[in-house]
>>> print(open('query.cif').read())   # mmCIF, C-alpha atoms
data_entry
loop_
_atom_site.group_PDB
_atom_site.id
_atom_site.type_symbol
_atom_site.label_atom_id
_atom_site.label_comp_id
_atom_site.auth_asym_id
_atom_site.auth_seq_id
_atom_site.Cartn_x
_atom_site.Cartn_y
_atom_site.Cartn_z
ATOM 1 C CA MET A 12 0.000 0.000 0.000
ATOM 2 C CA SER A 13 1.373 3.431 -0.944
ATOM 3 C CA SER A 14 2.469 5.656 1.923
ATOM 4 C CA LEU A 15 2.078 8.815 -0.161
ATOM 5 C CA LYS A 16 -0.516 11.173 1.279
ATOM 6 C CA PRO A 17 -2.809 13.607 -0.549
ATOM 7 C CA ASN A 18 -1.901 17.257 -0.070
ATOM 8 C CA GLN A 19 -4.257 18.607 2.582
ATOM 9 C CA LEU A 20 -3.452 22.246 1.785
ATOM 10 C CA LEU A 21 -4.393 21.875 -1.872
ATOM 11 C CA ALA A 22 -7.515 19.887 -1.055
ATOM 12 C CA HIS A 23 -8.773 22.353 1.547
ATOM 13 C CA THR A 24 -8.070 25.513 -0.437
ATOM 14 C CA ARG A 25 -9.859 24.038 -3.451
ATOM 15 C CA GLU A 26 -12.838 23.620 -1.146
ATOM 16 C CA HIS A 27 -12.455 27.326 -0.214
ATOM 17 C CA ARG A 28 -11.497 26.435 3.338
ATOM 18 C CA ILE A 29 -9.036 28.569 5.283
ATOM 19 C CA GLU A 30 -5.731 27.038 6.380
ATOM 20 C CA HIS A 31 -3.844 28.541 9.299
ATOM 21 C CA CYS A 32 -0.076 28.529 8.989
ATOM 22 C CA TYR A 33 2.649 28.654 11.665
ATOM 23 C CA VAL A 34 6.090 29.893 10.595
ATOM 24 C CA ILE A 35 9.234 28.294 12.022
ATOM 25 C CA GLY A 36 12.663 29.811 11.503
ATOM 26 C CA ASN A 37 14.628 30.915 14.561
ATOM 27 C CA HIS A 38 13.723 27.812 16.532
ATOM 28 C CA ALA A 39 13.454 25.083 13.897
ATOM 29 C CA THR A 40 13.708 21.971 16.051
ATOM 30 C CA PRO A 41 11.948 18.594 15.891
ATOM 31 C CA ARG A 42 10.423 19.166 19.320
ATOM 32 C CA LEU A 43 8.889 22.482 18.288
ATOM 33 C CA VAL A 44 7.438 20.881 15.151
ATOM 34 C CA ASP A 45 5.936 18.124 17.286
ATOM 35 C CA PHE A 46 4.668 20.612 19.885
ATOM 36 C CA VAL A 47 2.951 22.924 17.386
ATOM 37 C CA SER A 48 1.581 20.078 15.272
ATOM 38 C CA ASN A 49 0.236 18.302 18.343
ATOM 39 C CA SER A 50 -1.690 21.436 19.388
ATOM 40 C CA GLY A 51 -4.114 20.905 16.509
ATOM 41 C CA LEU A 52 -4.322 24.672 15.990
ATOM 42 C CA PHE A 53 -2.484 24.879 12.673
ATOM 43 C CA GLU A 54 -2.976 22.917 9.478
ATOM 44 C CA THR A 55 0.197 24.116 7.758
ATOM 45 C CA LEU A 56 3.793 24.600 8.928
ATOM 46 C CA TRP A 57 6.028 27.032 7.061
ATOM 47 C CA PHE A 58 9.771 26.417 7.366
ATOM 48 C CA ASP A 59 11.635 29.629 6.575
ATOM 49 C CA LEU A 60 14.833 28.750 4.734
ATOM 50 C CA GLU A 61 15.091 32.220 3.209
ATOM 51 C CA HIS A 62 16.001 34.073 6.382
ATOM 52 C CA PHE A 63 17.370 31.207 8.464
ATOM 53 C CA ASP A 64 20.040 28.590 7.889
ATOM 54 C CA ILE A 65 18.049 25.344 7.906
ATOM 55 C CA PRO A 66 20.145 22.810 5.952
ATOM 56 C CA THR A 67 18.372 20.157 3.907
ATOM 57 C CA ASP A 68 19.281 17.323 6.280
ATOM 58 C CA GLN A 69 17.679 19.231 9.163
ATOM 59 C CA LEU A 70 14.676 20.115 6.998
ATOM 60 C CA ALA A 71 14.251 16.419 6.263
ATOM 61 C CA VAL A 72 14.110 15.594 9.988
ATOM 62 C CA LEU A 73 11.552 18.353 10.591
ATOM 63 C CA ASN A 74 9.387 16.913 7.810
ATOM 64 C CA LEU A 75 9.690 13.399 9.185
ATOM 65 C CA VAL A 76 8.369 14.619 12.543
ATOM 66 C CA ALA A 77 5.536 16.512 10.848
ATOM 67 C CA ARG A 78 4.495 13.334 8.985
ATOM 68 C CA ALA A 79 3.159 11.962 12.282
ATOM 69 C CA HIS A 80 0.510 14.717 12.316
ATOM 70 C CA PRO A 81 -2.221 15.897 9.923
ATOM 71 C CA VAL A 82 -0.274 18.965 8.797
ATOM 72 C CA THR A 83 1.137 20.174 5.486
ATOM 73 C CA THR A 84 4.685 21.507 5.346
ATOM 74 C CA LEU A 85 5.915 24.346 3.149
ATOM 75 C CA ALA A 86 9.538 25.375 2.669
ATOM 76 C CA ARG A 87 10.122 29.035 1.822
ATOM 77 C CA PHE A 88 13.338 29.825 -0.056
ATOM 78 C CA HIS A 89 14.639 31.699 -3.087
ATOM 79 C CA ALA A 90 14.214 29.107 -5.845
ATOM 80 C CA ASP A 91 16.847 30.467 -8.191
ATOM 81 C CA ASN A 92 18.635 27.265 -9.135
ATOM 82 C CA TYR A 93 17.897 23.677 -10.069
ATOM 83 C CA GLN A 94 19.783 22.025 -7.215
ATOM 84 C CA ALA A 95 18.143 24.076 -4.464
ATOM 85 C CA VAL A 96 14.670 23.117 -5.708
ATOM 86 C CA GLN A 97 15.567 19.424 -6.027
ATOM 87 C CA ARG A 98 17.068 19.127 -2.578
ATOM 88 C CA VAL A 99 14.164 20.855 -0.849
ATOM 89 C CA LEU A 100 11.560 18.729 -2.639
ATOM 90 C CA GLU A 101 13.384 15.518 -1.777
ATOM 91 C CA THR A 102 13.142 16.272 1.975
ATOM 92 C CA GLY A 103 9.440 15.400 1.736
ATOM 93 C CA VAL A 104 7.852 18.848 1.944
ATOM 94 C CA GLY A 105 4.237 19.292 0.935
ATOM 95 C CA GLY A 106 5.040 22.396 -1.036
ATOM 96 C CA ILE A 107 7.478 25.155 -1.809
ATOM 97 C CA MET A 108 7.002 28.879 -1.251
ATOM 98 C CA CYS A 109 9.295 30.681 -3.672
ATOM 99 C CA SER A 110 10.346 34.141 -2.552
ATOM 100 C CA MET A 111 10.746 37.285 -4.667
ATOM 101 C CA VAL A 112 9.162 35.970 -7.883
ATOM 102 C CA GLU A 113 8.726 38.889 -10.277
ATOM 103 C CA THR A 114 7.976 37.434 -13.716
ATOM 104 C CA ALA A 115 6.086 34.598 -15.362
ATOM 105 C CA ALA A 116 9.395 33.393 -16.809
ATOM 106 C CA GLU A 117 10.774 32.906 -13.291
ATOM 107 C CA ALA A 118 7.602 31.072 -12.249
ATOM 108 C CA GLY A 119 7.788 28.849 -15.316
ATOM 109 C CA GLN A 120 11.396 27.928 -14.598
ATOM 110 C CA ILE A 121 10.507 26.952 -11.019
ATOM 111 C CA VAL A 122 7.711 24.732 -12.328
ATOM 112 C CA GLN A 123 10.093 23.057 -14.791
ATOM 113 C CA TRP A 124 12.534 22.296 -11.964
ATOM 114 C CA SER A 125 9.719 20.985 -9.748
ATOM 115 C CA LYS A 126 7.729 18.731 -12.092
ATOM 116 C CA PHE A 127 8.699 15.372 -13.545
ATOM 117 C CA ASN A 128 8.268 14.446 -17.211
ATOM 118 C CA ASN A 129 5.390 12.086 -16.492
ATOM 119 C CA PRO A 130 4.878 9.804 -19.541
ATOM 120 C CA SER A 131 1.203 9.395 -18.584
ATOM 121 C CA PRO A 132 -0.001 12.759 -17.283
ATOM 122 C CA ALA A 133 -3.551 13.239 -16.073
ATOM 123 C CA ALA A 134 -5.800 15.843 -17.654
ATOM 124 C CA GLY A 135 -4.523 19.248 -16.653
ATOM 125 C CA GLU A 136 -1.298 17.905 -15.137
ATOM 126 C CA THR A 137 1.772 20.068 -15.709
ATOM 127 C CA VAL A 138 4.993 18.240 -16.542
ATOM 128 C CA GLY A 139 8.579 19.459 -16.382
ATOM 129 C CA LEU A 140 12.224 18.481 -16.331
ATOM 130 C CA ARG A 141 12.850 17.608 -12.689
ATOM 131 C CA GLY A 142 15.854 15.353 -12.105
ATOM 132 C CA TRP A 143 15.102 11.754 -11.222
ATOM 133 C CA ASN A 144 15.791 10.244 -7.800
ATOM 134 C CA GLY A 145 13.409 7.550 -6.647
ATOM 135 C CA GLY A 146 15.292 6.626 -3.498
ATOM 136 C CA GLY A 147 14.718 9.664 -1.300
ATOM 137 C CA ILE A 148 12.328 10.514 1.498
ATOM 138 C CA ASP A 149 9.671 11.820 -0.889
ATOM 139 C CA ALA A 150 9.637 8.443 -2.701
ATOM 140 C CA ARG A 151 9.736 6.575 0.613
ATOM 141 C CA TYR A 152 13.238 5.265 -0.080
ATOM 142 C CA GLY A 153 12.424 3.509 -3.321
ATOM 143 C CA THR A 154 9.393 1.627 -1.996
ATOM 144 C CA VAL A 155 6.873 3.563 -4.075
ATOM 145 C CA PRO A 156 6.407 2.531 -7.730
ATOM 146 C CA ALA A 157 7.937 5.058 -10.099
ATOM 147 C CA THR A 158 4.612 5.846 -11.788
ATOM 148 C CA ASP A 159 2.899 6.525 -8.456
ATOM 149 C CA TYR A 160 5.781 8.660 -7.219
ATOM 150 C CA VAL A 161 5.898 10.836 -10.338
ATOM 151 C CA ALA A 162 2.127 11.296 -10.403
ATOM 152 C CA HIS A 163 2.039 12.221 -6.711
ATOM 153 C CA GLN A 164 4.860 14.757 -6.956
ATOM 154 C CA ASN A 165 3.387 16.411 -10.042
ATOM 155 C CA ARG A 166 -0.159 16.597 -8.692
ATOM 156 C CA GLN A 167 0.174 16.814 -4.910
ATOM 157 C CA ILE A 168 3.130 19.141 -4.255
ATOM 158 C CA ALA A 169 2.043 22.769 -3.940
ATOM 159 C CA ILE A 170 3.978 25.491 -5.741
ATOM 160 C CA LEU A 171 3.450 28.990 -4.376
ATOM 161 C CA CYS A 172 5.070 32.113 -5.792
ATOM 162 C CA GLN A 173 5.618 35.035 -3.467
ATOM 163 C CA ILE A 174 4.655 38.515 -4.617
ATOM 164 C CA GLU A 175 6.716 40.988 -2.596
ATOM 165 C CA THR A 176 7.649 43.799 -4.977
ATOM 166 C CA GLU A 177 5.961 46.311 -7.238
ATOM 167 C CA THR A 178 7.339 44.475 -10.274
ATOM 168 C CA GLY A 179 5.904 41.199 -9.023
ATOM 169 C CA LEU A 180 2.544 42.841 -8.388
ATOM 170 C CA LYS A 181 2.511 44.291 -11.893
ATOM 171 C CA ASN A 182 3.056 40.786 -13.288
ATOM 172 C CA VAL A 183 0.884 38.878 -10.818
ATOM 173 C CA ASP A 184 -1.734 37.921 -13.417
ATOM 174 C CA ALA A 185 0.883 36.314 -15.658
ATOM 175 C CA ILE A 186 2.636 34.672 -12.709
ATOM 176 C CA VAL A 187 -0.457 33.069 -11.190
ATOM 177 C CA SER A 188 -1.710 31.899 -14.586
ATOM 178 C CA THR A 189 1.550 30.007 -15.214
ATOM 179 C CA PRO A 190 0.678 26.289 -15.562
ATOM 180 C CA GLY A 191 1.806 24.414 -12.467
ATOM 181 C CA VAL A 192 1.637 27.392 -10.112
ATOM 182 C CA ASP A 193 -0.984 26.612 -7.460
ATOM 183 C CA GLY A 194 -1.192 29.974 -5.770
ATOM 184 C CA ILE A 195 0.361 33.185 -4.515
ATOM 185 C CA PHE A 196 1.673 34.154 -1.109
ATOM 186 C CA PHE A 197 1.729 37.918 -0.730
ATOM 187 C CA GLY A 198 4.583 39.224 1.433
ATOM 188 C CA PRO A 199 3.249 42.401 3.114
ATOM 189 C CA GLY A 200 6.450 43.152 5.015
ATOM 190 C CA ASP A 201 8.715 43.293 1.990
ATOM 191 C CA TYR A 202 6.080 44.975 -0.150
ATOM 192 C CA ALA A 203 5.494 47.695 2.461
ATOM 193 C CA HIS A 204 9.254 48.170 2.703
ATOM 194 C CA ARG A 205 9.602 48.523 -1.072
ATOM 195 C CA ILE A 206 6.915 51.220 -1.318
ATOM 196 C CA GLY A 207 8.268 53.271 1.572
ATOM 197 C CA ARG A 208 5.814 52.032 4.223
ATOM 198 C CA LEU A 209 8.300 50.121 6.379
ATOM 199 C CA GLY A 210 6.533 48.064 9.043
ATOM 200 C CA GLN A 211 3.054 49.167 7.942
ATOM 201 C CA ILE A 212 1.657 45.855 6.729
ATOM 202 C CA GLY A 213 -1.891 47.084 7.342
ATOM 203 C CA HIS A 214 -1.483 50.298 5.335
ATOM 204 C CA ALA A 215 -4.182 51.013 2.753
ATOM 205 C CA ASP A 216 -1.663 50.776 -0.098
ATOM 206 C CA VAL A 217 -0.558 47.330 1.070
ATOM 207 C CA LEU A 218 -4.141 46.136 1.393
ATOM 208 C CA ALA A 219 -4.838 47.488 -2.096
ATOM 209 C CA ALA A 220 -1.967 45.361 -3.414
ATOM 210 C CA MET A 221 -3.491 42.323 -1.685
ATOM 211 C CA ARG A 222 -6.766 43.082 -3.409
ATOM 212 C CA THR A 223 -4.982 43.039 -6.759
ATOM 213 C CA VAL A 224 -3.514 39.629 -5.887
ATOM 214 C CA ALA A 225 -6.938 38.366 -4.807
ATOM 215 C CA ILE A 226 -8.564 39.438 -8.074
ATOM 216 C CA ALA A 227 -5.847 37.785 -10.173
ATOM 217 C CA CYS A 228 -6.077 34.530 -8.217
ATOM 218 C CA ASP A 229 -9.870 34.461 -8.453
ATOM 219 C CA ARG A 230 -9.666 35.053 -12.197
ATOM 220 C CA HIS A 231 -7.488 31.991 -12.667
ATOM 221 C CA GLY A 232 -9.042 29.729 -10.043
ATOM 222 C CA LYS A 233 -5.994 29.765 -7.763
ATOM 223 C CA PHE A 234 -5.683 30.461 -4.029
ATOM 224 C CA TRP A 235 -3.583 33.025 -2.212
ATOM 225 C CA GLY A 236 -2.256 33.583 1.264
ATOM 226 C CA THR A 237 -0.526 36.175 3.405
ATOM 227 C CA LEU A 238 0.236 37.215 6.967
ATOM 228 C CA GLY A 239 -2.589 38.091 9.345
ATOM 229 C CA ILE A 240 -0.895 39.677 12.359
ATOM 230 C CA GLY A 241 -3.310 40.504 15.164
ATOM 231 C CA ARG A 242 -7.057 40.087 15.152
ATOM 232 C CA GLU A 243 -7.886 43.250 13.194
ATOM 233 C CA HIS A 244 -5.372 42.568 10.431
ATOM 234 C CA TYR A 245 -6.375 38.897 10.298
ATOM 235 C CA LEU A 246 -10.025 39.806 9.715
ATOM 236 C CA LYS A 247 -9.068 42.234 6.937
ATOM 237 C CA VAL A 248 -7.036 39.711 4.945
ATOM 238 C CA LYS A 249 -9.663 37.045 5.543
ATOM 239 C CA ALA A 250 -12.311 39.397 4.150
ATOM 240 C CA LEU A 251 -10.141 39.938 1.065
ATOM 241 C CA GLY A 252 -10.266 36.207 0.406
ATOM 242 C CA ALA A 253 -6.951 34.855 1.710
ATOM 243 C CA ARG A 254 -7.175 31.092 2.234
ATOM 244 C CA LEU A 255 -3.723 30.523 3.736
ATOM 245 C CA ILE A 256 -3.210 32.894 6.662
ATOM 246 C CA CYS A 257 -0.165 33.054 8.919
ATOM 247 C CA PRO A 258 -0.704 34.854 12.269
ATOM 248 C CA GLY A 259 2.959 34.461 13.185
ATOM 249 C CA GLY A 260 5.224 31.767 14.492
ATOM 250 C CA ASP A 261 8.049 30.873 16.823
ATOM 251 C CA VAL A 262 9.426 34.363 17.587
ATOM 252 C CA ARG A 263 6.009 36.010 17.921
ATOM 253 C CA THR A 264 4.853 33.193 20.204
ATOM 254 C CA MET A 265 7.902 33.593 22.440
ATOM 255 C CA ASN A 266 7.524 37.374 22.657
ATOM 256 C CA LEU A 267 3.844 37.083 23.540
ATOM 257 C CA GLY A 268 4.601 34.318 26.031
ATOM 258 C CA LEU A 269 7.303 36.332 27.762
ATOM 259 C CA SER A 270 4.981 39.312 28.044
ATOM 260 C CA GLU A 271 2.303 37.097 29.571
ATOM 261 C CA LEU A 272 4.750 35.626 32.083
ATOM 262 C CA ALA A 273 5.976 39.097 33.041
ATOM 263 C CA ARG A 274 2.442 40.073 34.023
ATOM 264 C CA THR A 275 2.910 37.738 36.988
ATOM 265 C CA PHE A 276 5.393 40.062 38.688
ATOM 266 C CA GLN A 277 5.053 43.436 36.950
ATOM 267 C CA GLU A 278 2.805 46.085 38.441
#
>>> encode(input="query.cif", output="structure tokens")
Amino acid sequence: MSSLKPNQLLAHTREHRIEHCYVIGNHATPRLVDFVSNSGLFETLWFDLEHFDIPTDQLAVLNLVARAHPVTTLARFHADNYQAVQRVLETGVGGIMCSMVETAAEAGQIVQWSKFNNPSPAAGETVGLRGWNGGGIDARYGTVPATDYVAHQNRQIAILCQIETETGLKNVDAIVSTPGVDGIFFGPGDYAHRIGRLGQIGHADVLAAMRTVAIACDRHGKFWGTLGIGREHYLKVKALGARLICPGGDVRTMNLGLSELARTFQE
């Protein structure tokens, strides 16, 4: 019996359900993955390889721990070369979140690196030129038939492109319509920074950019996600149609926890 699991994130977003995402970067340990997953509060874990040094062997261990729970894992990194994409995918992630994508050509190259040349593709399946390795974690160490493995990777691994710049926003329609791209993750922090609104992720201009992303995704039947920091901001991005919402992660949790503990002894 195949041990390959359907992608919960893709299934839920296609049903227009909202997935809540917890980001792990500073404190990327197996115990934290187990702790957060076991809480049952988050359906998706986002491992941040862009800003933190999480090597692929460590990423693999984090994914192996997550496999014990009903969560989907995403790895965020700058997918600018073939080897980086291959190594991340072979750790067993449920999807990749590709930072700073600005053109449809970049998105198309990522898809080519991520998809196998399936000789028997299903209707609507995107194929590519991914390098073959059937003995890794994602193929369950060679125990999954090659045809099943290829079909699963092509159809069940999510590919998200991040829109974080004005150039990316200008090209969002072409990026999200690229075959094989499943959705967009809008980066409000970097976008606000780029337009001179540093730290103002809830600014009207940032929310207007999100609306542009939402319209493009709706037009092409794709989903989108973003940060939702604090209750007010969360409700705004939810109202705009975000289906993958991240309220924070390890550092935010620790800061909030320390503040709560300090209330014990502070006047």
>>> closest_atom_pairs(input="query.cif", of="segment 97-199 of chain A", to="segment 39-57 of chain A", cutoff="10 Å", atoms="all atoms listed in the file", output="tab-separated table")
residue	atom	partner	partner_atom	distance
A:Val104	CA	A:Trp57	CA	9.8
A:Gly105	CA	A:Thr55	CA	9.3
A:Gly106	CA	A:Trp57	CA	9.4
A:Ile107	CA	A:Trp57	CA	9.2
A:Met108	CA	A:Trp57	CA	8.6
>>> closest_residue(input="query.cif", among="A:Asn182, A:Ser188, A:Thr67, A:Gln97", to="Thr114 of chain A", atoms="all atoms listed in the file")
A:Asn182
>>> atom_distance(input="query.cif", atom1="atom CA of Gly191 of chain A", atom2="atom CA of Ala225 of chain A")
18.2 Å
>>> atom_distance(input="query.cif", atom1="atom CA of Met265 of chain A", atom2="atom CA of Thr176 of chain A")
29.3 Å
>>> residues_near_point(input="query.cif", point="(9.3, 11.5, -7.8)", cutoff="10 Å", atoms="only C-alpha atoms", output="mmCIF file with C-alpha atoms, in the coordinates of the input")
data_model
loop_
_atom_site.group_PDB
_atom_site.id
_atom_site.type_symbol
_atom_site.label_atom_id
_atom_site.label_comp_id
_atom_site.auth_asym_id
_atom_site.auth_seq_id
_atom_site.Cartn_x
_atom_site.Cartn_y
_atom_site.Cartn_z
ATOM 1 C CA LEU A 100 11.560 18.729 -2.639
ATOM 2 C CA GLU A 101 13.384 15.518 -1.777
ATOM 3 C CA SER A 125 9.719 20.985 -9.748
ATOM 4 C CA LYS A 126 7.729 18.731 -12.092
ATOM 5 C CA PHE A 127 8.699 15.372 -13.545
ATOM 6 C CA ASN A 128 8.268 14.446 -17.211
ATOM 7 C CA ASN A 129 5.390 12.086 -16.492
ATOM 8 C CA ARG A 141 12.850 17.608 -12.689
ATOM 9 C CA GLY A 142 15.854 15.353 -12.105
ATOM 10 C CA TRP A 143 15.102 11.754 -11.222
ATOM 11 C CA ASN A 144 15.791 10.244 -7.800
ATOM 12 C CA GLY A 145 13.409 7.550 -6.647
ATOM 13 C CA GLY A 146 15.292 6.626 -3.498
ATOM 14 C CA GLY A 147 14.718 9.664 -1.300
ATOM 15 C CA ILE A 148 12.328 10.514 1.498
ATOM 16 C CA ASP A 149 9.671 11.820 -0.889
ATOM 17 C CA ALA A 150 9.637 8.443 -2.701
ATOM 18 C CA ARG A 151 9.736 6.575 0.613
ATOM 19 C CA GLY A 153 12.424 3.509 -3.321
ATOM 20 C CA VAL A 155 6.873 3.563 -4.075
ATOM 21 C CA PRO A 156 6.407 2.531 -7.730
ATOM 22 C CA ALA A 157 7.937 5.058 -10.099
ATOM 23 C CA THR A 158 4.612 5.846 -11.788
ATOM 24 C CA ASP A 159 2.899 6.525 -8.456
ATOM 25 C CA TYR A 160 5.781 8.660 -7.219
ATOM 26 C CA VAL A 161 5.898 10.836 -10.338
ATOM 27 C CA ALA A 162 2.127 11.296 -10.403
ATOM 28 C CA HIS A 163 2.039 12.221 -6.711
ATOM 29 C CA GLN A 164 4.860 14.757 -6.956
ATOM 30 C CA ASN A 165 3.387 16.411 -10.042
#
>>> closest_residue(input="query.cif", among="A:Gly119, A:Gly232, A:Gly213, A:Pro17", to="Tyr245 of chain A", atoms="only C-alpha atoms")
A:Gly213
>>> residues_near_point(input="query.cif", point="(7.4, 41.4, 2.8)", cutoff="8 Å", atoms="all atoms listed in the file", output="PyMOL selection string")
chain A and resi 175+197-204
>>> resolve_selection(input="query.cif", expression="the PyMOL selection byres ((chain A and resi 25) around 12)", output="list of chain:residue names")
A:Asn18, A:Gln19, A:Leu20, A:Leu21, A:Ala22, A:His23, A:Thr24, A:Glu26, A:His27, A:Arg28, A:Ile29, A:Glu30, A:Ala169, A:Asp193, A:Gly194, A:Asp229, A:Gly232, A:Lys233, A:Phe234, A:Trp235, A:Arg254, A:Leu255
>>> atom_distance(input="query.cif", atom1="atom CA of Gly36 of chain A", atom2="atom CA of Ile168 of chain A")
21.3 Å
>>> closest_residue(input="query.cif", among="A:Arg87, A:Arg274, A:His214, A:Arg208", to="Val248 of chain A", atoms="only C-alpha atoms")
A:His214
>>> resolve_selection(input="query.cif", expression="the PyMOL selection byres ((chain A and resi 115) around 10)", output="list in words")
Val112, Glu113, Thr114, Ala116, Glu117, Ala118, Gly119, Gln120, Ile121, Cys172, Gly179, Asn182, Val183, Asp184, Ala185, Ile186, Val187, Ser188, Thr189, Pro190 and Val192 of chain A
>>> resolve_selection(input="query.cif", expression="the PyMOL selection byres ((chain A and resi 62) around 10)", output="MDAnalysis selection string")
chainID A and resid 36:37 58:61 63:65 87:89
>>> closest_residue(input="query.cif", among="A:His38, A:His244, A:His80, A:Arg98", to="Pro258 of chain A", atoms="all atoms listed in the file")
A:His244
>>> closest_residue(input="query.cif", among="A:Leu209, A:Val262, A:Val122, A:Val76", to="Arg166 of chain A", atoms="only C-alpha atoms")
A:Val122
>>> closest_residue(input="query.cif", among="A:Ala215, A:Ala220, A:Tyr152, A:Thr102", to="Thr178 of chain A", atoms="all atoms listed in the file")
A:Ala220
>>> residues_around(input="query.cif", residues="Ile256 of chain A", least_positions_apart="5", cutoff="7 Å", atoms="all atoms listed in the file", output="ChimeraX atom specification")
/A:30-32,236-239
>>> axis_aligned_box(input="query.cif", around="segment 70-75 of chain A", padding_each_side="6 Å", output="lines of an AutoDock Vina configuration file")
center_x = 12.0
center_y = 16.8
center_z = 8.4
size_x = 17.3
size_y = 18.7
size_z = 16.3
